[in-house]
>>> print(open('upload34.cif').read())   # mmCIF, C-alpha atoms; chains and numbers go by the auth columns
data_start
#
loop_
_atom_site.group_PDB
_atom_site.id
_atom_site.type_symbol
_atom_site.label_atom_id
_atom_site.label_comp_id
_atom_site.label_asym_id
_atom_site.label_seq_id
_atom_site.Cartn_x
_atom_site.Cartn_y
_atom_site.Cartn_z
_atom_site.B_iso_or_equiv
_atom_site.auth_seq_id
_atom_site.auth_asym_id
ATOM 1 C CA MET A 1 57.308 -20.103 110.426 0.00 7 A
ATOM 2 C CA ARG A 2 54.136 -20.884 112.345 0.00 8 A
ATOM 3 C CA GLY A 3 54.680 -21.935 115.929 0.00 9 A
ATOM 4 C CA HIS A 4 51.309 -23.480 116.717 0.00 10 A
ATOM 5 C CA MET A 5 48.438 -25.240 115.032 0.00 11 A
ATOM 6 C CA SER A 6 44.988 -23.781 114.656 0.00 12 A
ATOM 7 C CA GLY A 7 42.027 -25.137 116.594 0.00 13 A
ATOM 8 C CA PHE A 8 40.766 -26.841 113.444 0.00 14 A
ATOM 9 C CA GLU A 9 44.160 -28.454 112.789 0.00 15 A
ATOM 10 C CA PHE A 10 44.109 -29.802 116.336 0.00 16 A
ATOM 11 C CA ILE A 11 40.538 -31.106 116.004 0.00 17 A
ATOM 12 C CA PHE A 12 41.153 -32.580 112.576 0.00 18 A
ATOM 13 C CA SER A 13 44.327 -34.353 113.652 0.00 19 A
ATOM 14 C CA LEU A 14 42.133 -36.610 115.802 0.00 20 A
ATOM 15 C CA PHE A 15 39.300 -36.939 113.277 0.00 21 A
ATOM 16 C CA GLY A 16 41.678 -37.489 110.371 0.00 22 A
ATOM 17 C CA LEU A 17 43.592 -40.154 112.245 0.00 23 A
ATOM 18 C CA ILE A 18 40.476 -42.163 113.080 0.00 24 A
ATOM 19 C CA LEU A 19 38.986 -41.719 109.591 0.00 25 A
ATOM 20 C CA GLY A 20 42.310 -42.833 108.086 0.00 26 A
ATOM 21 C CA LEU A 21 42.270 -45.882 110.340 0.00 27 A
ATOM 22 C CA ALA A 22 38.685 -46.608 109.211 0.00 28 A
ATOM 23 C CA LEU A 23 39.811 -46.574 105.581 0.00 29 A
ATOM 24 C CA ALA A 24 42.822 -48.744 106.453 0.00 30 A
ATOM 25 C CA GLU A 25 40.570 -51.197 108.303 0.00 31 A
ATOM 26 C CA GLY A 26 38.262 -51.497 105.300 0.00 32 A
ATOM 27 C CA LEU A 27 41.155 -51.857 102.864 0.00 33 A
ATOM 28 C CA GLY A 28 42.852 -54.396 105.126 0.00 34 A
ATOM 29 C CA GLY A 29 39.652 -56.450 105.202 0.00 35 A
ATOM 30 C CA LEU A 30 39.433 -56.271 101.425 0.00 36 A
ATOM 31 C CA ALA A 31 43.059 -57.352 101.078 0.00 37 A
ATOM 32 C CA ARG A 32 42.514 -60.339 103.392 0.00 38 A
ATOM 33 C CA ALA A 33 39.381 -61.314 101.454 0.00 39 A
ATOM 34 C CA LEU A 34 41.193 -61.028 98.126 0.00 40 A
ATOM 35 C CA LYS A 35 44.067 -63.163 99.433 0.00 41 A
ATOM 36 C CA ALA A 36 41.520 -65.809 100.408 0.00 42 A
ATOM 37 C CA SER A 37 39.451 -65.462 97.216 0.00 43 A
ATOM 38 C CA HIS A 38 40.628 -68.873 95.997 0.00 44 A
ATOM 39 C CA ARG A 39 38.699 -70.347 98.961 0.00 45 A
ATOM 40 C CA VAL A 40 35.952 -67.838 99.667 0.00 46 A
ATOM 41 C CA ARG A 41 33.509 -65.993 97.426 0.00 47 A
ATOM 42 C CA ILE A 42 33.427 -62.265 98.181 0.00 48 A
ATOM 43 C CA GLY A 43 30.210 -61.488 96.288 0.00 49 A
ATOM 44 C CA TRP A 44 28.561 -58.279 95.146 0.00 50 A
ATOM 45 C CA PRO A 45 26.801 -57.382 98.416 0.00 51 A
ATOM 46 C CA THR A 46 30.057 -57.294 100.395 0.00 52 A
ATOM 47 C CA ALA A 47 31.909 -55.490 97.609 0.00 53 A
ATOM 48 C CA LEU A 48 29.169 -52.853 97.345 0.00 54 A
ATOM 49 C CA LEU A 49 29.043 -52.374 101.111 0.00 55 A
ATOM 50 C CA GLY A 50 32.825 -51.899 101.264 0.00 56 A
ATOM 51 C CA LEU A 51 32.790 -49.392 98.402 0.00 57 A
ATOM 52 C CA PHE A 52 29.897 -47.486 99.961 0.00 58 A
ATOM 53 C CA VAL A 53 31.588 -47.233 103.370 0.00 59 A
ATOM 54 C CA SER A 54 34.845 -46.061 101.766 0.00 60 A
ATOM 55 C CA CYS A 55 33.060 -43.405 99.692 0.00 61 A
ATOM 56 C CA ASP A 56 31.161 -42.158 102.723 0.00 62 A
ATOM 57 C CA VAL A 57 34.276 -41.954 104.917 0.00 63 A
ATOM 58 C CA VAL A 58 36.072 -39.908 102.251 0.00 64 A
ATOM 59 C CA THR A 59 33.024 -37.663 101.826 0.00 65 A
ATOM 60 C CA PHE A 60 32.780 -37.145 105.584 0.00 66 A
ATOM 61 C CA TRP A 61 36.469 -36.186 105.619 0.00 67 A
ATOM 62 C CA MET A 62 35.762 -33.647 102.874 0.00 68 A
ATOM 63 C CA TYR A 63 32.794 -32.218 104.820 0.00 69 A
ATOM 64 C CA GLY A 64 35.028 -31.912 107.868 0.00 70 A
ATOM 65 C CA TRP A 65 37.400 -29.770 105.838 0.00 71 A
ATOM 66 C CA SER A 66 34.562 -27.595 104.549 0.00 72 A
ATOM 67 C CA LEU A 67 33.491 -26.910 108.157 0.00 73 A
ATOM 68 C CA ARG A 68 36.995 -25.872 109.229 0.00 74 A
ATOM 69 C CA ASN A 69 36.091 -22.221 109.818 0.00 75 A
ATOM 70 C CA LEU A 70 32.950 -23.096 111.771 0.00 76 A
ATOM 71 C CA LEU A 71 34.156 -25.768 114.236 0.00 77 A
ATOM 72 C CA PRO A 72 35.105 -24.310 117.597 0.00 78 A
ATOM 73 C CA LEU A 73 37.833 -26.026 119.589 0.00 79 A
ATOM 74 C CA SER A 74 35.847 -27.397 122.504 0.00 80 A
ATOM 75 C CA TRP A 75 35.363 -30.620 124.431 0.00 81 A
ATOM 76 C CA PRO A 76 31.860 -31.269 122.978 0.00 82 A
ATOM 77 C CA VAL A 77 33.178 -30.882 119.409 0.00 83 A
ATOM 78 C CA LEU A 78 36.119 -33.211 120.101 0.00 84 A
ATOM 79 C CA PHE A 79 34.002 -35.810 121.887 0.00 85 A
ATOM 80 C CA CYS A 80 31.144 -35.790 119.360 0.00 86 A
ATOM 81 C CA GLY A 81 33.674 -35.904 116.526 0.00 87 A
ATOM 82 C CA PHE A 82 35.348 -38.843 118.216 0.00 88 A
ATOM 83 C CA LEU A 83 32.010 -40.679 118.535 0.00 89 A
ATOM 84 C CA VAL A 84 31.214 -40.155 114.855 0.00 90 A
ATOM 85 C CA THR A 85 34.663 -41.108 113.565 0.00 91 A
ATOM 86 C CA ALA A 86 34.793 -44.107 115.924 0.00 92 A
ATOM 87 C CA THR A 87 31.436 -45.212 114.494 0.00 93 A
ATOM 88 C CA TYR A 88 32.942 -45.017 111.006 0.00 94 A
ATOM 89 C CA PHE A 89 35.883 -47.135 112.183 0.00 95 A
ATOM 90 C CA VAL A 90 33.629 -49.811 113.700 0.00 96 A
ATOM 91 C CA ALA A 91 31.368 -49.831 110.630 0.00 97 A
ATOM 92 C CA ALA A 92 34.368 -50.236 108.318 0.00 98 A
ATOM 93 C CA SER A 93 35.733 -53.040 110.484 0.00 99 A
ATOM 94 C CA LEU A 94 32.460 -54.988 110.157 0.00 100 A
ATOM 95 C CA VAL A 95 32.357 -55.035 106.341 0.00 101 A
ATOM 96 C CA PHE A 96 34.838 -57.918 106.008 0.00 102 A
ATOM 97 C CA PRO A 97 35.422 -60.743 108.490 0.00 103 A
ATOM 98 C CA ASP A 98 38.694 -60.927 110.413 0.00 104 A
ATOM 99 C CA ASP A 99 39.252 -64.402 108.971 0.00 105 A
ATOM 100 C CA PRO A 100 37.681 -64.621 105.504 0.00 106 A
ATOM 101 C CA GLU A 101 38.700 -68.256 105.164 0.00 107 A
ATOM 102 C CA ALA A 102 36.300 -69.123 107.985 0.00 108 A
ATOM 103 C CA TRP A 103 33.468 -68.377 105.526 0.00 109 A
ATOM 104 C CA ASP A 104 32.657 -70.222 102.297 0.00 110 A
ATOM 105 C CA ASP A 105 30.845 -67.181 101.002 0.00 111 A
ATOM 106 C CA LEU A 106 31.028 -63.687 102.484 0.00 112 A
ATOM 107 C CA GLY A 107 27.297 -63.351 101.824 0.00 113 A
ATOM 108 C CA GLY A 108 26.655 -64.938 105.214 0.00 114 A
ATOM 109 C CA HIS A 109 28.940 -62.406 106.888 0.00 115 A
ATOM 110 C CA PHE A 110 27.195 -59.636 104.954 0.00 116 A
ATOM 111 C CA ASP A 111 23.760 -60.825 106.123 0.00 117 A
ATOM 112 C CA LYS A 112 24.973 -60.867 109.724 0.00 118 A
ATOM 113 C CA HIS A 113 26.481 -57.349 109.721 0.00 119 A
ATOM 114 C CA TYR A 114 25.082 -55.094 106.970 0.00 120 A
ATOM 115 C CA ARG A 115 22.393 -53.563 109.204 0.00 121 A
ATOM 116 C CA LYS A 116 24.983 -52.590 111.823 0.00 122 A
ATOM 117 C CA VAL A 117 27.278 -51.129 109.152 0.00 123 A
ATOM 118 C CA LEU A 118 24.521 -49.167 107.417 0.00 124 A
ATOM 119 C CA GLY A 119 22.998 -48.093 110.736 0.00 125 A
ATOM 120 C CA GLY A 120 26.338 -46.719 111.881 0.00 126 A
ATOM 121 C CA ILE A 121 26.869 -44.838 108.627 0.00 127 A
ATOM 122 C CA LEU A 122 23.308 -43.505 108.777 0.00 128 A
ATOM 123 C CA LEU A 123 23.922 -42.216 112.326 0.00 129 A
ATOM 124 C CA CYS A 124 27.149 -40.530 111.180 0.00 130 A
ATOM 125 C CA ASN A 125 25.295 -38.764 108.386 0.00 131 A
ATOM 126 C CA VAL A 126 22.495 -37.660 110.705 0.00 132 A
ATOM 127 C CA ALA A 127 25.185 -36.216 113.013 0.00 133 A
ATOM 128 C CA LEU A 128 26.773 -34.446 110.042 0.00 134 A
ATOM 129 C CA ILE A 129 23.482 -32.908 108.860 0.00 135 A
ATOM 130 C CA VAL A 130 22.604 -31.785 112.407 0.00 136 A
ATOM 131 C CA SER A 131 26.102 -30.297 112.854 0.00 137 A
ATOM 132 C CA VAL A 132 25.925 -28.415 109.559 0.00 138 A
ATOM 133 C CA ALA A 133 22.447 -27.119 110.433 0.00 139 A
ATOM 134 C CA LEU A 134 23.587 -25.940 113.876 0.00 140 A
ATOM 135 C CA LEU A 135 26.841 -24.382 112.642 0.00 141 A
ATOM 136 C CA ASP A 136 25.765 -22.897 109.322 0.00 142 A
ATOM 137 C CA GLY A 137 22.036 -23.458 108.821 0.00 143 A
ATOM 138 C CA LEU A 138 20.556 -25.743 106.213 0.00 144 A
ATOM 139 C CA PRO A 139 21.090 -24.672 102.612 0.00 145 A
ATOM 140 C CA PRO A 140 17.989 -24.118 100.504 0.00 146 A
ATOM 141 C CA LEU A 141 16.432 -27.176 98.920 0.00 147 A
ATOM 142 C CA ASP A 142 16.974 -27.652 95.219 0.00 148 A
ATOM 143 C CA LEU A 143 16.788 -30.703 92.985 0.00 149 A
ATOM 144 C CA ARG A 144 20.514 -31.448 93.292 0.00 150 A
ATOM 145 C CA ARG A 145 20.441 -31.441 97.109 0.00 151 A
ATOM 146 C CA ILE A 146 17.292 -33.555 97.208 0.00 152 A
ATOM 147 C CA VAL A 147 18.826 -36.167 94.912 0.00 153 A
ATOM 148 C CA ILE A 148 22.398 -36.175 96.212 0.00 154 A
ATOM 149 C CA THR A 149 22.026 -35.343 99.904 0.00 155 A
ATOM 150 C CA TRP A 150 18.492 -36.024 101.055 0.00 156 A
ATOM 151 C CA SER A 151 17.904 -39.253 99.105 0.00 157 A
ATOM 152 C CA PHE A 152 20.640 -40.787 101.256 0.00 158 A
ATOM 153 C CA PHE A 153 18.376 -41.097 104.275 0.00 159 A
ATOM 154 C CA PRO A 154 15.421 -43.026 102.816 0.00 160 A
ATOM 155 C CA ALA A 155 17.764 -45.211 100.714 0.00 161 A
ATOM 156 C CA ALA A 156 19.910 -46.079 103.739 0.00 162 A
ATOM 157 C CA ALA A 157 16.837 -46.690 105.912 0.00 163 A
ATOM 158 C CA LEU A 158 15.296 -48.949 103.262 0.00 164 A
ATOM 159 C CA ALA A 159 18.553 -50.910 102.991 0.00 165 A
ATOM 160 C CA ILE A 160 18.631 -51.385 106.777 0.00 166 A
ATOM 161 C CA TRP A 161 14.991 -52.463 106.878 0.00 167 A
ATOM 162 C CA ALA A 162 15.070 -54.744 103.814 0.00 168 A
ATOM 163 C CA LYS A 163 15.589 -58.463 104.204 0.00 169 A
ATOM 164 C CA ASP A 164 16.048 -59.122 100.480 0.00 170 A
ATOM 165 C CA ARG A 165 19.693 -58.766 99.394 0.00 171 A
ATOM 166 C CA ARG A 166 18.579 -57.494 95.989 0.00 172 A
ATOM 167 C CA ILE A 167 16.850 -54.516 97.605 0.00 173 A
ATOM 168 C CA VAL A 168 19.855 -53.861 99.845 0.00 174 A
ATOM 169 C CA CYS A 169 22.186 -54.040 96.824 0.00 175 A
ATOM 170 C CA ALA A 170 19.920 -51.715 94.796 0.00 176 A
ATOM 171 C CA CYS A 171 20.019 -49.197 97.666 0.00 177 A
ATOM 172 C CA LEU A 172 23.815 -49.520 97.896 0.00 178 A
ATOM 173 C CA ILE A 173 24.160 -48.981 94.136 0.00 179 A
ATOM 174 C CA TRP A 174 22.024 -45.845 94.411 0.00 180 A
ATOM 175 C CA LEU A 175 24.000 -44.568 97.404 0.00 181 A
ATOM 176 C CA ILE A 176 27.331 -45.228 95.664 0.00 182 A
ATOM 177 C CA ALA A 177 26.100 -43.546 92.461 0.00 183 A
ATOM 178 C CA THR A 178 25.405 -40.297 94.336 0.00 184 A
ATOM 179 C CA TYR A 179 29.135 -39.774 95.037 0.00 185 A
ATOM 180 C CA PRO A 180 30.314 -39.465 91.409 0.00 186 A
ATOM 181 C CA LEU A 181 27.028 -37.735 90.565 0.00 187 A
ATOM 182 C CA SER A 182 27.852 -35.043 93.123 0.00 188 A
ATOM 183 C CA ALA A 183 31.200 -34.485 91.390 0.00 189 A
ATOM 184 C CA VAL A 184 29.674 -33.835 87.965 0.00 190 A
ATOM 185 C CA TRP A 185 26.345 -32.193 88.871 0.00 191 A
ATOM 186 C CA HIS A 186 26.993 -28.619 89.988 0.00 192 A
#
>>> encode(input="upload34.cif", output="structure tokens")
Amino acid sequence: MRGHMSGFEFIFSLFGLILGLALAEGLGGLARALKASHRVRIGWPTALLGLFVSCDVVTFWMYGWSLRNLLPLSWPVLFCGFLVTATYFVAASLVFPDDPEAWDDLGGHFDKHYRKVLGGILLCNVALIVSVALLDGLPPLDLRRIVITWSFFPAAALAIWAKDRRIVCACLIWLIATYPLSAVWH
């Protein structure tokens, strides 16, 4: 029987807890919105944003696992990991309003918060790419990585910059599509 946890298990207990809370926050917001759906319209933009944030949190969790042999147990790793996972939590908490019934249509809530949500997720992904580069170097560029990994950054930036919901939704659809694409394109 093992008597102690590894450094990665210790680090990931904090990261996993906060990422789990981020998912719970997003799902709780969705549940509240669904309960109020007889009075409030959720709409595609909010639904897409919630799905995107959930997919990205799960993907970040998976990347954390893949870095398990490279992450040293240190204060900078714990603190930077806390900042990134806390950003995920805050972003997830902004997708749905605390009181959906205070809105006739969640499109107004979306318009008020989508830039903050996408900006937070973009920062988390920049932190991930920088961490991977520092710990393991950047992998060589190939078509799959350009499409699945690197297209994230211009698509997210365009969605943050855009004022037209249709452009934001198109970017979100692209970003969401890269998650299942990554599972089937090897």
>>> residues_around(input="upload34.cif", residues="A:Ser72", least_positions_apart="2", cutoff="12 Å", atoms="only C-alpha atoms", output="ChimeraX atom specification")
/A:14,18,65-70,74-77,134,138,141-142
>>> residues_around(input="upload34.cif", residues="stretch 154-170 of chain A", least_positions_apart="2", cutoff="10 Å", atoms="all atoms listed in the file", output="number ranges by chain")
A: 117, 120-125, 127-129, 131-132, 135, 147, 149-152, 172-188, 191
>>> write_last_selection(input="upload34.cif", atoms="C-alpha atoms", output="PDB file, keeping the file's coordinate frame")
ATOM      1  CA  ASP A 117      23.760 -60.825 106.123  1.00  0.00           C
ATOM      2  CA  TYR A 120      25.082 -55.094 106.970  1.00  0.00           C
ATOM      3  CA  ARG A 121      22.393 -53.563 109.204  1.00  0.00           C
ATOM      4  CA  LYS A 122      24.983 -52.590 111.823  1.00  0.00           C
ATOM      5  CA  VAL A 123      27.278 -51.129 109.152  1.00  0.00           C
ATOM      6  CA  LEU A 124      24.521 -49.167 107.417  1.00  0.00           C
ATOM      7  CA  GLY A 125      22.998 -48.093 110.736  1.00  0.00           C
ATOM      8  CA  ILE A 127      26.869 -44.838 108.627  1.00  0.00           C
ATOM      9  CA  LEU A 128      23.308 -43.505 108.777  1.00  0.00           C
ATOM     10  CA  LEU A 129      23.922 -42.216 112.326  1.00  0.00           C
ATOM     11  CA  ASN A 131      25.295 -38.764 108.386  1.00  0.00           C
ATOM     12  CA  VAL A 132      22.495 -37.660 110.705  1.00  0.00           C
ATOM     13  CA  ILE A 135      23.482 -32.908 108.860  1.00  0.00           C
ATOM     14  CA  LEU A 147      16.432 -27.176  98.920  1.00  0.00           C
ATOM     15  CA  LEU A 149      16.788 -30.703  92.985  1.00  0.00           C
ATOM     16  CA  ARG A 150      20.514 -31.448  93.292  1.00  0.00           C
ATOM     17  CA  ARG A 151      20.441 -31.441  97.109  1.00  0.00           C
ATOM     18  CA  ILE A 152      17.292 -33.555  97.208  1.00  0.00           C
ATOM     19  CA  ARG A 172      18.579 -57.494  95.989  1.00  0.00           C
ATOM     20  CA  ILE A 173      16.850 -54.516  97.605  1.00  0.00           C
ATOM     21  CA  VAL A 174      19.855 -53.861  99.845  1.00  0.00           C
ATOM     22  CA  CYS A 175      22.186 -54.040  96.824  1.00  0.00           C
ATOM     23  CA  ALA A 176      19.920 -51.715  94.796  1.00  0.00           C
ATOM     24  CA  CYS A 177      20.019 -49.197  97.666  1.00  0.00           C
ATOM     25  CA  LEU A 178      23.815 -49.520  97.896  1.00  0.00           C
ATOM     26  CA  ILE A 179      24.160 -48.981  94.136  1.00  0.00           C
ATOM     27  CA  TRP A 180      22.024 -45.845  94.411  1.00  0.00           C
ATOM     28  CA  LEU A 181      24.000 -44.568  97.404  1.00  0.00           C
ATOM     29  CA  ILE A 182      27.331 -45.228  95.664  1.00  0.00           C
ATOM     30  CA  ALA A 183      26.100 -43.546  92.461  1.00  0.00           C
ATOM     31  CA  THR A 184      25.405 -40.297  94.336  1.00  0.00           C
ATOM     32  CA  TYR A 185      29.135 -39.774  95.037  1.00  0.00           C
ATOM     33  CA  PRO A 186      30.314 -39.465  91.409  1.00  0.00           C
ATOM     34  CA  LEU A 187      27.028 -37.735  90.565  1.00  0.00           C
ATOM     35  CA  SER A 188      27.852 -35.043  93.123  1.00  0.00           C
ATOM     36  CA  TRP A 191      26.345 -32.193  88.871  1.00  0.00           C
TER      37      TRP A 191
END
>>> resolve_selection(input="upload34.cif", expression="the PyMOL selection byres ((chain A and resi 107) around 12)", output="list in words")
Gly35, Arg38, Ala39, Leu40, Lys41, Ala42, Ser43, His44, Arg45, Val46, Arg47, Ile48, Phe102, Pro103, Asp104, Asp105, Pro106, Ala108, Trp109, Asp110, Asp111, Leu112 and His115 of chain A
>>> write_last_selection(input="upload34.cif", atoms="C-alpha atoms", output="JSON list (two decimals), in the coordinates of the input")
[["chain", "number", "residue", "atom", "x", "y", "z"],
["A", 35, "GLY", "CA", 39.65, -56.45, 105.20],
["A", 38, "ARG", "CA", 42.51, -60.34, 103.39],
["A", 39, "ALA", "CA", 39.38, -61.31, 101.45],
["A", 40, "LEU", "CA", 41.19, -61.03, 98.13],
["A", 41, "LYS", "CA", 44.07, -63.16, 99.43],
["A", 42, "ALA", "CA", 41.52, -65.81, 100.41],
["A", 43, "SER", "CA", 39.45, -65.46, 97.22],
["A", 44, "HIS", "CA", 40.63, -68.87, 96.00],
["A", 45, "ARG", "CA", 38.70, -70.35, 98.96],
["A", 46, "VAL", "CA", 35.95, -67.84, 99.67],
["A", 47, "ARG", "CA", 33.51, -65.99, 97.43],
["A", 48, "ILE", "CA", 33.43, -62.26, 98.18],
["A", 102, "PHE", "CA", 34.84, -57.92, 106.01],
["A", 103, "PRO", "CA", 35.42, -60.74, 108.49],
["A", 104, "ASP", "CA", 38.69, -60.93, 110.41],
["A", 105, "ASP", "CA", 39.25, -64.40, 108.97],
["A", 106, "PRO", "CA", 37.68, -64.62, 105.50],
["A", 108, "ALA", "CA", 36.30, -69.12, 107.98],
["A", 109, "TRP", "CA", 33.47, -68.38, 105.53],
["A", 110, "ASP", "CA", 32.66, -70.22, 102.30],
["A", 111, "ASP", "CA", 30.84, -67.18, 101.00],
["A", 112, "LEU", "CA", 31.03, -63.69, 102.48],
["A", 115, "HIS", "CA", 28.94, -62.41, 106.89]]
>>> closest_residue(input="upload34.cif", among="A:Pro146, A:Gly22, A:Ala98, A:Gly13", to="A:Gly34", atoms="all atoms listed in the file")
A:Ala98
>>> atom_distance(input="upload34.cif", atom1="atom CA of A:Leu89", atom2="atom CA of A:Leu27")
14.1 Å
>>> resolve_selection(input="upload34.cif", expression="the PyMOL selection byres ((chain A and resi 21) around 9)", output="list in words")
Ile17, Phe18, Ser19, Leu20, Gly22, Leu23, Ile24, Leu25, Gly26, Trp67, Gly70, Leu84, Gly87, Phe88, Val90, Thr91 and Ala92 of chain A
>>> write_last_selection(input="upload34.cif", atoms="C-alpha atoms", output="short mmCIF file (atom, residue, chain, number, x, y, z; two decimals), keeping the file's coordinate frame")
data_model
loop_
_atom_site.label_atom_id
_atom_site.label_comp_id
_atom_site.auth_asym_id
_atom_site.auth_seq_id
_atom_site.Cartn_x
_atom_site.Cartn_y
_atom_site.Cartn_z
CA ILE A 17 40.54 -31.11 116.00
CA PHE A 18 41.15 -32.58 112.58
CA SER A 19 44.33 -34.35 113.65
CA LEU A 20 42.13 -36.61 115.80
CA GLY A 22 41.68 -37.49 110.37
CA LEU A 23 43.59 -40.15 112.24
CA ILE A 24 40.48 -42.16 113.08
CA LEU A 25 38.99 -41.72 109.59
CA GLY A 26 42.31 -42.83 108.09
CA TRP A 67 36.47 -36.19 105.62
CA GLY A 70 35.03 -31.91 107.87
CA LEU A 84 36.12 -33.21 120.10
CA GLY A 87 33.67 -35.90 116.53
CA PHE A 88 35.35 -38.84 118.22
CA VAL A 90 31.21 -40.16 114.86
CA THR A 91 34.66 -41.11 113.56
CA ALA A 92 34.79 -44.11 115.92
#
>>> closest_residue(input="upload34.cif", among="A:Pro82, A:His10, A:Val101, A:Ala30", to="A:Leu57", atoms="all atoms listed in the file")
A:Val101
>>> atom_distance(input="upload34.cif", atom1="atom CA of A:Val64", atom2="atom CA of A:Trp50")
21.1 Å
>>> closest_residue(input="upload34.cif", among="A:Leu55, A:Val190, A:Met11, A:Leu79", to="A:His119", atoms="only C-alpha atoms")
A:Leu55
>>> axis_aligned_box(input="upload34.cif", around="stretch 10-21 of chain A", padding_each_side="4 Å", output="JSON")
{"center_x": 45.3, "center_y": -30.2, "center_z": 114.6, "size_x": 20.0, "size_y": 21.5, "size_z": 12.1}
>>> atom_distance(input="upload34.cif", atom1="atom CA of A:Leu36", atom2="atom CA of A:Lys118")
17.3 Å
>>> closest_residue(input="upload34.cif", among="A:Ala133, A:Ala37, A:Leu54, A:Leu100", to="A:Val83", atoms="all atoms listed in the file")
A:Ala133
>>> closest_residue(input="upload34.cif", among="A:Gly56, A:Tyr94, A:Cys86, A:Asp148", to="A:His192", atoms="only C-alpha atoms")
A:Asp148
>>> build_atoms(input="upload34.cif", residues="stretch 69-84 of chain A", atoms="N, CA and C atoms", output="PDB file, in the coordinates of the input")
ATOM      1  N   TYR A  69      33.703 -33.121 104.098  1.00  0.00           N
ATOM      2  CA  TYR A  69      32.794 -32.218 104.820  1.00  0.00           C
ATOM      3  C   TYR A  69      33.487 -31.623 106.041  1.00  0.00           C
ATOM      4  N   GLY A  70      34.283 -32.430 106.725  1.00  0.00           N
ATOM      5  CA  GLY A  70      35.028 -31.912 107.868  1.00  0.00           C
ATOM      6  C   GLY A  70      35.900 -30.732 107.463  1.00  0.00           C
ATOM      7  N   TRP A  71      36.551 -30.855 106.332  1.00  0.00           N
ATOM      8  CA  TRP A  71      37.400 -29.770 105.838  1.00  0.00           C
ATOM      9  C   TRP A  71      36.562 -28.541 105.523  1.00  0.00           C
ATOM     10  N   SER A  72      35.402 -28.739 104.924  1.00  0.00           N
ATOM     11  CA  SER A  72      34.562 -27.595 104.549  1.00  0.00           C
ATOM     12  C   SER A  72      34.009 -26.866 105.781  1.00  0.00           C
ATOM     13  N   LEU A  73      33.978 -27.540 106.921  1.00  0.00           N
ATOM     14  CA  LEU A  73      33.491 -26.910 108.157  1.00  0.00           C
ATOM     15  C   LEU A  73      34.614 -26.294 108.991  1.00  0.00           C
ATOM     16  N   ARG A  74      35.815 -26.267 108.448  1.00  0.00           N
ATOM     17  CA  ARG A  74      36.995 -25.872 109.229  1.00  0.00           C
ATOM     18  C   ARG A  74      36.882 -24.496 109.878  1.00  0.00           C
ATOM     19  N   ASN A  75      36.205 -23.563 109.237  1.00  0.00           N
ATOM     20  CA  ASN A  75      36.091 -22.221 109.818  1.00  0.00           C
ATOM     21  C   ASN A  75      34.935 -22.101 110.802  1.00  0.00           C
ATOM     22  N   LEU A  76      34.135 -23.159 110.918  1.00  0.00           N
ATOM     23  CA  LEU A  76      32.950 -23.096 111.771  1.00  0.00           C
ATOM     24  C   LEU A  76      33.086 -23.923 113.048  1.00  0.00           C
ATOM     25  N   LEU A  77      34.035 -24.869 113.072  1.00  0.00           N
ATOM     26  CA  LEU A  77      34.156 -25.768 114.236  1.00  0.00           C
ATOM     27  C   LEU A  77      34.964 -25.115 115.346  1.00  0.00           C
ATOM     28  N   PRO A  78      34.338 -24.865 116.478  1.00  0.00           N
ATOM     29  CA  PRO A  78      35.105 -24.310 117.597  1.00  0.00           C
ATOM     30  C   PRO A  78      35.906 -25.420 118.289  1.00  0.00           C
ATOM     31  N   LEU A  79      37.043 -25.069 118.815  1.00  0.00           N
ATOM     32  CA  LEU A  79      37.833 -26.026 119.589  1.00  0.00           C
ATOM     33  C   LEU A  79      37.205 -26.111 120.977  1.00  0.00           C
ATOM     34  N   SER A  80      36.508 -27.220 121.214  1.00  0.00           N
ATOM     35  CA  SER A  80      35.847 -27.397 122.504  1.00  0.00           C
ATOM     36  C   SER A  80      35.726 -28.891 122.783  1.00  0.00           C
ATOM     37  N   TRP A  81      35.507 -29.220 124.053  1.00  0.00           N
ATOM     38  CA  TRP A  81      35.363 -30.620 124.431  1.00  0.00           C
ATOM     39  C   TRP A  81      34.174 -31.265 123.726  1.00  0.00           C
ATOM     40  N   PRO A  82      32.986 -30.626 123.671  1.00  0.00           N
ATOM     41  CA  PRO A  82      31.860 -31.269 122.978  1.00  0.00           C
ATOM     42  C   PRO A  82      32.164 -31.565 121.499  1.00  0.00           C
ATOM     43  N   VAL A  83      32.843 -30.656 120.813  1.00  0.00           N
ATOM     44  CA  VAL A  83      33.178 -30.882 119.409  1.00  0.00           C
ATOM     45  C   VAL A  83      34.138 -32.062 119.288  1.00  0.00           C
ATOM     46  N   LEU A  84      35.160 -32.098 120.150  1.00  0.00           N
ATOM     47  CA  LEU A  84      36.119 -33.211 120.101  1.00  0.00           C
ATOM     48  C   LEU A  84      35.446 -34.536 120.436  1.00  0.00           C
TER      49      LEU A  84
END
